Amino acid sequence: MDQETYRIGAVAAMCGLSVPTVRFYEEEGLIRKPARTLSGQRLYRAEDVKRLQFIAQCRNAGMALPCIKRVLACRFDHQVGSEELLHNLGQYLNEVQSRREQLTRVESFLKELAAQIESELSQNGQ
């Protein structure tokens, strides 16, 4: 039974990445080398898309590529973990928590501002 495959443009779009970024992650060994058509076009599997989506999430969280490589390795070989990786993950978690707190403050400010503007508009009969 054949597995559904995707071309690089579709994969990039599904993952919110550019085509050159997908190629770069392949060159860096973050994803496997995909099968190719007779004309040389890359064909990615659903598991490649999931892996790229995970990588994109890690990058968006500020994770460095070497750390992402180790995290990916740990998912398949738990012996690869280290104190340094655990420390790095703790730092990234702290950064995520800090960003969440900042976004909560921005959200509160924007809600207050919207309520103030709405109140002023209703007082002015608009």
# chains A, B, ... in the order shown; residues from 1 in each chain; ligands from 1
$ select_by_dssp --residues "chain A" --states "alpha helix (DSSP H)" --output "PyMOL selection string"
chain A and resi 8-15+19-27+46-60+65-76+83-123
$ write_last_selection --atoms "C-alpha atoms" --output "compact mmCIF listing (two decimals), in the first residue's frame"
# COMPACT_ATOMS: atom_id res chain seq x y z
CA ILE A 8 8.17 20.46 -0.91
CA GLY A 9 5.96 23.50 -1.59
CA ALA A 10 2.96 21.82 0.01
CA VAL A 11 5.05 20.68 2.98
CA ALA A 12 6.46 24.17 3.48
CA ALA A 13 2.95 25.67 3.42
CA MET A 14 1.59 23.06 5.87
CA CYS A 15 4.43 23.80 8.28
CA VAL A 19 10.97 26.00 0.83
CA PRO A 20 14.62 26.96 1.46
CA THR A 21 14.08 26.37 5.19
CA VAL A 22 12.75 22.87 4.54
CA ARG A 23 15.81 22.17 2.39
CA PHE A 24 18.07 23.59 5.11
CA TYR A 25 16.54 21.34 7.78
CA GLU A 26 17.09 18.39 5.46
CA GLU A 27 20.75 19.38 4.90
CA ALA A 46 3.11 12.60 6.66
CA GLU A 47 5.64 11.74 9.38
CA ASP A 48 8.08 14.21 7.79
CA VAL A 49 5.41 16.91 7.91
CA LYS A 50 4.77 16.21 11.61
CA ARG A 51 8.47 16.35 12.36
CA LEU A 52 8.83 19.66 10.48
CA GLN A 53 5.83 21.09 12.33
CA PHE A 54 7.48 20.13 15.62
CA ILE A 55 10.76 21.71 14.51
CA ALA A 56 8.92 24.90 13.51
CA GLN A 57 7.22 25.02 16.93
CA CYS A 58 10.57 24.61 18.66
CA ARG A 59 12.15 27.36 16.54
CA ASN A 60 9.20 29.66 17.25
CA LEU A 65 18.99 24.02 16.22
CA PRO A 66 21.54 21.98 18.21
CA CYS A 67 19.03 21.68 21.05
CA ILE A 68 16.25 20.71 18.63
CA LYS A 69 18.50 17.99 17.21
CA ARG A 70 19.06 16.58 20.70
CA VAL A 71 15.36 16.77 21.54
CA LEU A 72 14.53 14.90 18.34
CA ALA A 73 17.21 12.32 19.13
CA CYS A 74 15.78 11.86 22.64
CA ARG A 75 12.35 11.14 21.24
CA PHE A 76 13.77 8.04 19.55
CA GLU A 83 21.99 17.26 32.01
CA GLU A 84 22.80 20.02 29.51
CA LEU A 85 19.73 19.21 27.42
CA LEU A 86 17.56 19.15 30.53
CA HIS A 87 18.99 22.53 31.56
CA ASN A 88 18.34 23.98 28.08
CA LEU A 89 14.77 22.71 28.10
CA GLY A 90 14.25 24.32 31.50
CA GLN A 91 15.49 27.63 30.12
CA TYR A 92 13.13 27.40 27.16
CA LEU A 93 10.23 26.60 29.49
CA ASN A 94 11.07 29.68 31.56
CA GLU A 95 11.13 31.80 28.39
CA VAL A 96 7.74 30.43 27.32
CA GLN A 97 6.27 31.21 30.74
CA SER A 98 7.71 34.72 30.60
CA ARG A 99 6.25 35.31 27.14
CA ARG A 100 2.87 34.01 28.30
CA GLU A 101 2.92 36.49 31.19
CA GLN A 102 3.87 39.32 28.82
CA LEU A 103 1.06 38.39 26.43
CA THR A 104 -1.42 38.27 29.31
CA ARG A 105 -0.41 41.81 30.29
CA VAL A 106 -0.74 43.01 26.68
CA GLU A 107 -4.14 41.32 26.41
CA SER A 108 -5.36 43.06 29.59
CA PHE A 109 -4.10 46.42 28.34
CA LEU A 110 -5.80 46.01 24.97
CA LYS A 111 -9.08 44.97 26.59
CA GLU A 112 -8.98 48.00 28.90
CA LEU A 113 -8.17 50.30 25.98
CA ALA A 114 -11.01 48.86 23.88
CA ALA A 115 -13.45 49.26 26.76
CA GLN A 116 -12.33 52.86 27.29
CA ILE A 117 -12.73 53.71 23.62
CA GLU A 118 -16.12 52.01 23.49
CA SER A 119 -17.24 53.97 26.54
CA GLU A 120 -16.05 57.28 25.04
CA LEU A 121 -17.81 56.52 21.76
CA SER A 122 -21.08 55.72 23.50
CA GLN A 123 -20.84 58.94 25.57
$ residues_around --residues "segment 34-44 of chain A" --least-positions-apart "4" --cutoff "6 Å" --atoms "only C-alpha atoms" --output "list in words"
Thr5, Tyr6, Arg7 and Asp48 of chain A
$ select_by_dssp --residues "segment 4-123 of chain A" --states "strand (DSSP E or B)" --output "VMD selection string"
chain A and resid 5 to 7 35 to 36 42 to 45
$ closest_residue --among "A:Leu17, A:Gly125, A:Lys33, A:Met63" --to "Arg45 of chain A" --atoms "only C-alpha atoms"
A:Lys33
